[in-house]
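> Please find one structure pasted underneath; my questions will follow.
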Amino acid sequence: MNHWERAGGVSENPMDDDLFLVAPVSGEIVHLDAMGAAIWRLLEQPQSLEDIQATFAAAFPDADAERLQGDLAVALETLKAAGLVRQSDG
Amino acid sequence: MKHRASGFATPTRPVIVGAPQALLDLTRAQAPHWPEAEGSDNAAHVTALTANDGSVRFMASSYDAPDVVLPPGLLAANGLIGTVIGAFVAADPDWICLHAAAVALGRGERRGLTVLLGDTMAGKSTLAMALAACGARLWCDDRLPLSRDMQGFALELRPKLRLPLPDSAPAPFATLVEAWGTVREGSMVYLALEKETQAAFGEVLPVRRLITLERSPQRQAPELAVAGVGQMVKRLVPVTFAPHLDPMTRLTRLRQVATACECRHLVYGDSFEAAEFLMQGPGE
């Protein structure tokens, strides 16, 4: 269960710099912040947690690594709780 | 408890309410100019379910009303009005309802509704009433039915304010509230405004501007900034009632609403300074 991927059936609605997703089961409309939107775009292809962390670390070389990992973990769990992404065995 | 049927005329279809007489009387007192309607084949229906202790919850034929139990009195009447609005909005895909306050501002072709959006306690009602005290015409203090062609429909409900008023309330405003006050329940006072101060039931005006509110007690002077369409839609999503539209249709509608309007974000410290600031027409 170390890989992350988009859940099936999620609808996208980009508006300017903002991205809205509609969760397939609940119908909930979710506005993604910058990190959430970046994760969503990254997960166009399933990614391991290590790959996600490495991509963000490369994009934000000055960011504190521990804090970045914490923020990513929170963002992924938030997306998962909303039914937008899921974990798989890869 | 014996129920009686009472019809409410609406812009989509009649809503027939079945409720105890006392609750209907209280509701009509808060919506004294809402025309009555006869039943018809296409009418929507709202039913009040009352418990032995007088508490009440509502069911509607056109949508799943929230299963909220309300105490008897003005809260129940307010809940019934909300359910009636929900029933007529949910019966027609051309309509949505915003949980927002609105006032008419501007002149000539630029006259239109300025809609005030904010979280609970963000100061929508106080700012709307402060604007009304400055001469703006109040369209609503809490709920704005909005048609597909962007017309805001006035329901002429009694606006309400939380007491005590802020310390910064000017004396003339406090005097007006005293004069407008009708009934009081808990910390809320319900107001009866003059005809020229509040739009009559059925009046419509296009929505021209959406303003999200951010109250910051440290703020010295009000500041109005341009807001992006995406940011405005983000704020509209949680305050939009549209259970009859699927989520993508709802998002598309809200994008149309935001795109058709000036979108602004107001940071302010004092409602009365903010009202004077908006009356001067910044950003127009």
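A note on labels: chains of the structure tokens are A, B, ... as shown, every chain counts residues from 1, and ligands are counted from 1 in their shown order.
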What's the 7 Å shell around Ser55 of chain B, counting only C-alpha atoms, without same-chain residues fewer than 4 positions away, as a list of chain:residue names?
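Near neighbours after the sequence-gap exclusion: B:Thr50, B:Ala51, B:Val69, B:Leu70, B:Pro71, B:Pro72.
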> Would you save the residues from that selection as a short mmCIF file (atom, residue, chain, number, x, y, z; two decimals), in the first residue's frame, using N, CA and C atoms?

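Ended up saving to out23.cif:
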data_model
loop_
_atom_site.label_atom_id
_atom_site.label_comp_id
_atom_site.auth_asym_id
_atom_site.auth_seq_id
_atom_site.Cartn_x
_atom_site.Cartn_y
_atom_site.Cartn_z
N THR B 50 -44.47 17.89 14.16
CA THR B 50 -44.33 18.45 15.51
C THR B 50 -44.30 17.34 16.55
N ALA B 51 -43.43 17.52 17.54
CA ALA B 51 -43.34 16.58 18.66
C ALA B 51 -44.20 17.10 19.82
N VAL B 69 -34.07 19.43 14.24
CA VAL B 69 -35.18 19.67 15.16
C VAL B 69 -35.06 21.07 15.72
N LEU B 70 -36.11 21.87 15.55
CA LEU B 70 -36.07 23.27 15.99
C LEU B 70 -37.05 23.48 17.14
N PRO B 71 -36.68 24.32 18.10
CA PRO B 71 -37.61 24.62 19.18
C PRO B 71 -38.77 25.46 18.65
N PRO B 72 -39.91 25.42 19.33
CA PRO B 72 -41.04 26.24 18.86
C PRO B 72 -40.69 27.72 18.98
#
> At most 10 Å is the cut-off: for each residue in chain B with any atom that close to an atom of chain A, write down the nearest atom pair and the distance in Å rounded to one decimal, counting only C-alpha atoms, chain first then increasing number, as a Markdown table.

| residue | atom | partner | partner_atom | distance |
| --- | --- | --- | --- | --- |
| B:Gly228 | CA | A:Asp16 | CA | 7.6 |
| B:Val229 | CA | A:Met15 | CA | 7.0 |
| B:Gly230 | CA | A:Met15 | CA | 5.1 |
| B:Gln231 | CA | A:Asp18 | CA | 7.1 |
| B:Val233 | CA | A:Met15 | CA | 8.7 |
| B:Lys234 | CA | A:His31 | CA | 6.4 |
| B:Arg235 | CA | A:His31 | CA | 9.7 |
| B:Val237 | CA | A:Ile29 | CA | 7.6 |
| B:Pro238 | CA | A:Ile29 | CA | 9.0 |
| B:Asp246 | CA | A:Gly27 | CA | 7.8 |
| B:Pro247 | CA | A:Gly27 | CA | 6.1 |
| B:Met248 | CA | A:Val22 | CA | 7.2 |
| B:Arg250 | CA | A:Ile29 | CA | 9.3 |
| B:Leu251 | CA | A:Asn13 | CA | 7.8 |
| B:Thr252 | CA | A:Asn13 | CA | 8.5 |
| B:Arg255 | CA | A:Met15 | CA | 8.0 |
> Could you please take those selected residues and save N, CA and C atoms as a PDB file, in the first residue's frame?

ATOM      1  N   GLY B 228     -10.378  36.671  -7.667  1.00  0.00           N
ATOM      2  CA  GLY B 228     -10.450  35.852  -8.878  1.00  0.00           C
ATOM      3  C   GLY B 228     -11.734  35.036  -8.923  1.00  0.00           C
ATOM      4  N   VAL B 229     -12.084  34.589 -10.126  1.00  0.00           N
ATOM      5  CA  VAL B 229     -13.304  33.794 -10.289  1.00  0.00           C
ATOM      6  C   VAL B 229     -13.221  32.503  -9.473  1.00  0.00           C
ATOM      7  N   GLY B 230     -12.063  31.831  -9.534  1.00  0.00           N
ATOM      8  CA  GLY B 230     -11.915  30.581  -8.795  1.00  0.00           C
ATOM      9  C   GLY B 230     -12.062  30.782  -7.297  1.00  0.00           C
ATOM     10  N   GLN B 231     -11.449  31.848  -6.791  1.00  0.00           N
ATOM     11  CA  GLN B 231     -11.555  32.129  -5.354  1.00  0.00           C
ATOM     12  C   GLN B 231     -12.997  32.454  -4.967  1.00  0.00           C
ATOM     13  N   VAL B 233     -15.724  31.347  -6.541  1.00  0.00           N
ATOM     14  CA  VAL B 233     -16.495  30.101  -6.588  1.00  0.00           C
ATOM     15  C   VAL B 233     -16.224  29.268  -5.331  1.00  0.00           C
ATOM     16  N   LYS B 234     -14.975  29.280  -4.885  1.00  0.00           N
ATOM     17  CA  LYS B 234     -14.649  28.559  -3.641  1.00  0.00           C
ATOM     18  C   LYS B 234     -15.519  29.045  -2.488  1.00  0.00           C
ATOM     19  N   ARG B 235     -15.743  30.363  -2.439  1.00  0.00           N
ATOM     20  CA  ARG B 235     -16.565  30.917  -1.354  1.00  0.00           C
ATOM     21  C   ARG B 235     -18.063  30.702  -1.596  1.00  0.00           C
ATOM     22  N   VAL B 237     -19.425  28.007  -3.122  1.00  0.00           N
ATOM     23  CA  VAL B 237     -19.842  26.595  -3.006  1.00  0.00           C
ATOM     24  C   VAL B 237     -20.550  26.308  -1.676  1.00  0.00           C
ATOM     25  N   PRO B 238     -19.940  26.653  -0.528  1.00  0.00           N
ATOM     26  CA  PRO B 238     -20.606  26.263   0.725  1.00  0.00           C
ATOM     27  C   PRO B 238     -21.858  27.074   1.067  1.00  0.00           C
ATOM     28  N   ASP B 246     -26.735  18.618 -10.204  1.00  0.00           N
ATOM     29  CA  ASP B 246     -25.611  17.742  -9.902  1.00  0.00           C
ATOM     30  C   ASP B 246     -24.368  18.615  -9.685  1.00  0.00           C
ATOM     31  N   PRO B 247     -23.349  18.097  -9.003  1.00  0.00           N
ATOM     32  CA  PRO B 247     -22.221  18.956  -8.594  1.00  0.00           C
ATOM     33  C   PRO B 247     -21.537  19.677  -9.751  1.00  0.00           C
ATOM     34  N   MET B 248     -21.352  19.011 -10.888  1.00  0.00           N
ATOM     35  CA  MET B 248     -20.670  19.690 -11.997  1.00  0.00           C
ATOM     36  C   MET B 248     -21.546  20.805 -12.572  1.00  0.00           C
ATOM     37  N   ARG B 250     -23.698  22.464 -10.823  1.00  0.00           N
ATOM     38  CA  ARG B 250     -23.636  23.516  -9.798  1.00  0.00           C
ATOM     39  C   ARG B 250     -22.363  24.354  -9.963  1.00  0.00           C
ATOM     40  N   LEU B 251     -21.241  23.673 -10.174  1.00  0.00           N
ATOM     41  CA  LEU B 251     -19.978  24.399 -10.364  1.00  0.00           C
ATOM     42  C   LEU B 251     -20.043  25.286 -11.611  1.00  0.00           C
ATOM     43  N   THR B 252     -20.605  24.759 -12.678  1.00  0.00           N
ATOM     44  CA  THR B 252     -20.720  25.538 -13.917  1.00  0.00           C
ATOM     45  C   THR B 252     -21.586  26.773 -13.681  1.00  0.00           C
ATOM     46  N   ARG B 255     -19.697  29.301 -11.642  1.00  0.00           N
ATOM     47  CA  ARG B 255     -18.686  29.967 -12.458  1.00  0.00           C
ATOM     48  C   ARG B 255     -19.347  31.060 -13.303  1.00  0.00           C
TER      49      ARG B 255
END
> Which one of B:Val204, B:Ile81, B:Glu185, B:Gly106 sits closest to Gln280 of chain B if you count only C-alpha atoms?
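For Gln280 of chain B, the nearest of the given residues is B:Gly106.
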> Which of these, A:Leu72, A:Ala81, A:Ala7, A:Ala38, has the shortest distance to Gln53 of chain A once you count only C-alpha atoms?
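Nearest candidate to Gln53 of chain A out of A:Leu72, A:Ala81, A:Ala7, A:Ala38: A:Leu72.
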> Where does DSSP see helix (DSSP H, G or I) in chain A, if you list the residues as a count of residues only?
37
> If you run DSSP on this backbone, which residues of chain A come out as strand (DSSP E or B), and could you give them as JSON, numbers by chain?
{"A": [3, 4, 5, 6, 11, 12, 13, 14, 15, 18, 19, 20, 21, 22, 29, 30, 31, 32, 47, 48, 85, 86, 87, 88]}
> Would you save the residues of that selection, restricted to N, CA and C atoms, as a compact mmCIF listing (two decimals), in the first residue's frame?

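Okay, again_29.txt is ready:
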# COMPACT_ATOMS: atom_id res chain seq x y z
N HIS A 3 1.77 2.93 -2.84
CA HIS A 3 1.54 3.78 -4.00
C HIS A 3 0.24 4.58 -3.83
N TRP A 4 0.26 5.74 -4.43
CA TRP A 4 -0.94 6.58 -4.42
C TRP A 4 -1.42 6.78 -5.85
N GLU A 5 -2.72 6.79 -6.02
CA GLU A 5 -3.29 7.00 -7.35
C GLU A 5 -4.62 7.73 -7.22
N ARG A 6 -5.06 8.29 -8.34
CA ARG A 6 -6.37 8.95 -8.35
C ARG A 6 -7.48 7.90 -8.22
N SER A 11 -14.45 13.99 -11.14
CA SER A 11 -14.58 15.01 -12.19
C SER A 11 -13.75 16.24 -11.83
N GLU A 12 -13.13 16.82 -12.84
CA GLU A 12 -12.29 18.00 -12.64
C GLU A 12 -12.95 19.24 -13.22
N ASN A 13 -12.77 20.37 -12.55
CA ASN A 13 -13.26 21.63 -13.09
C ASN A 13 -12.26 22.73 -12.73
N PRO A 14 -11.27 22.98 -13.60
CA PRO A 14 -10.31 24.04 -13.32
C PRO A 14 -10.91 25.42 -13.57
N MET A 15 -10.57 26.38 -12.72
CA MET A 15 -11.00 27.77 -12.91
C MET A 15 -9.83 28.68 -12.59
N ASP A 18 -7.37 27.95 -9.86
CA ASP A 18 -8.01 27.08 -8.87
C ASP A 18 -8.50 25.80 -9.52
N LEU A 19 -8.53 24.76 -8.73
CA LEU A 19 -8.98 23.46 -9.24
C LEU A 19 -10.06 22.92 -8.30
N PHE A 20 -11.18 22.56 -8.89
CA PHE A 20 -12.28 21.94 -8.14
C PHE A 20 -12.44 20.50 -8.61
N LEU A 21 -12.62 19.60 -7.65
CA LEU A 21 -12.89 18.21 -7.96
C LEU A 21 -14.23 17.83 -7.37
N VAL A 22 -14.89 16.89 -8.02
CA VAL A 22 -16.15 16.36 -7.48
C VAL A 22 -15.93 14.90 -7.13
N ILE A 29 -18.12 18.74 -3.53
CA ILE A 29 -17.24 19.60 -4.32
C ILE A 29 -16.06 20.00 -3.45
N VAL A 30 -14.85 19.72 -3.93
CA VAL A 30 -13.65 19.99 -3.14
C VAL A 30 -12.78 20.99 -3.88
N HIS A 31 -12.43 22.08 -3.21
CA HIS A 31 -11.47 23.03 -3.77
C HIS A 31 -10.09 22.64 -3.30
N LEU A 32 -9.16 22.49 -4.24
CA LEU A 32 -7.81 22.09 -3.86
C LEU A 32 -6.92 23.31 -3.70
N GLN A 47 1.94 7.03 -8.18
CA GLN A 47 3.29 7.36 -7.69
C GLN A 47 3.49 6.71 -6.32
N SER A 48 4.73 6.34 -6.05
CA SER A 48 5.04 5.91 -4.68
C SER A 48 5.18 7.14 -3.81
N VAL A 85 -8.40 10.27 -3.89
CA VAL A 85 -7.23 9.43 -4.20
C VAL A 85 -7.31 8.18 -3.32
N ARG A 86 -6.50 7.21 -3.67
CA ARG A 86 -6.47 5.98 -2.86
C ARG A 86 -5.06 5.41 -2.88
N GLN A 87 -4.81 4.55 -1.93
CA GLN A 87 -3.53 3.87 -1.86
C GLN A 87 -3.68 2.50 -2.51
N SER A 88 -2.58 2.04 -3.13
CA SER A 88 -2.62 0.71 -3.75
C SER A 88 -1.27 0.03 -3.49
> Need to verify the contact set: Ala44 of chain B, 10 Å, only C-alpha atoms, exclusion of same-chain residues closer than 3 positions in sequence. Can you return it as a PyMOL selection string?
chain B and resi 7-8+12-17+39-41+60-63+84+87-88+90-91
> Using atom CA of Glu44 of chain A and atom CA of Asn2 of chain A as the two end points, give the distance in Å to one decimal.
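Calculated distance between atom CA of Glu44 of chain A and atom CA of Asn2 of chain A is 16.3 Å.
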> Report the distance between atom CA of Ala225 of chain B and atom CA of Ala75 of chain A in Å, rounded to one decimal place.
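Taking atom CA of Ala225 of chain B as the start and atom CA of Ala75 of chain A as the end point, the length is 28.8 Å.
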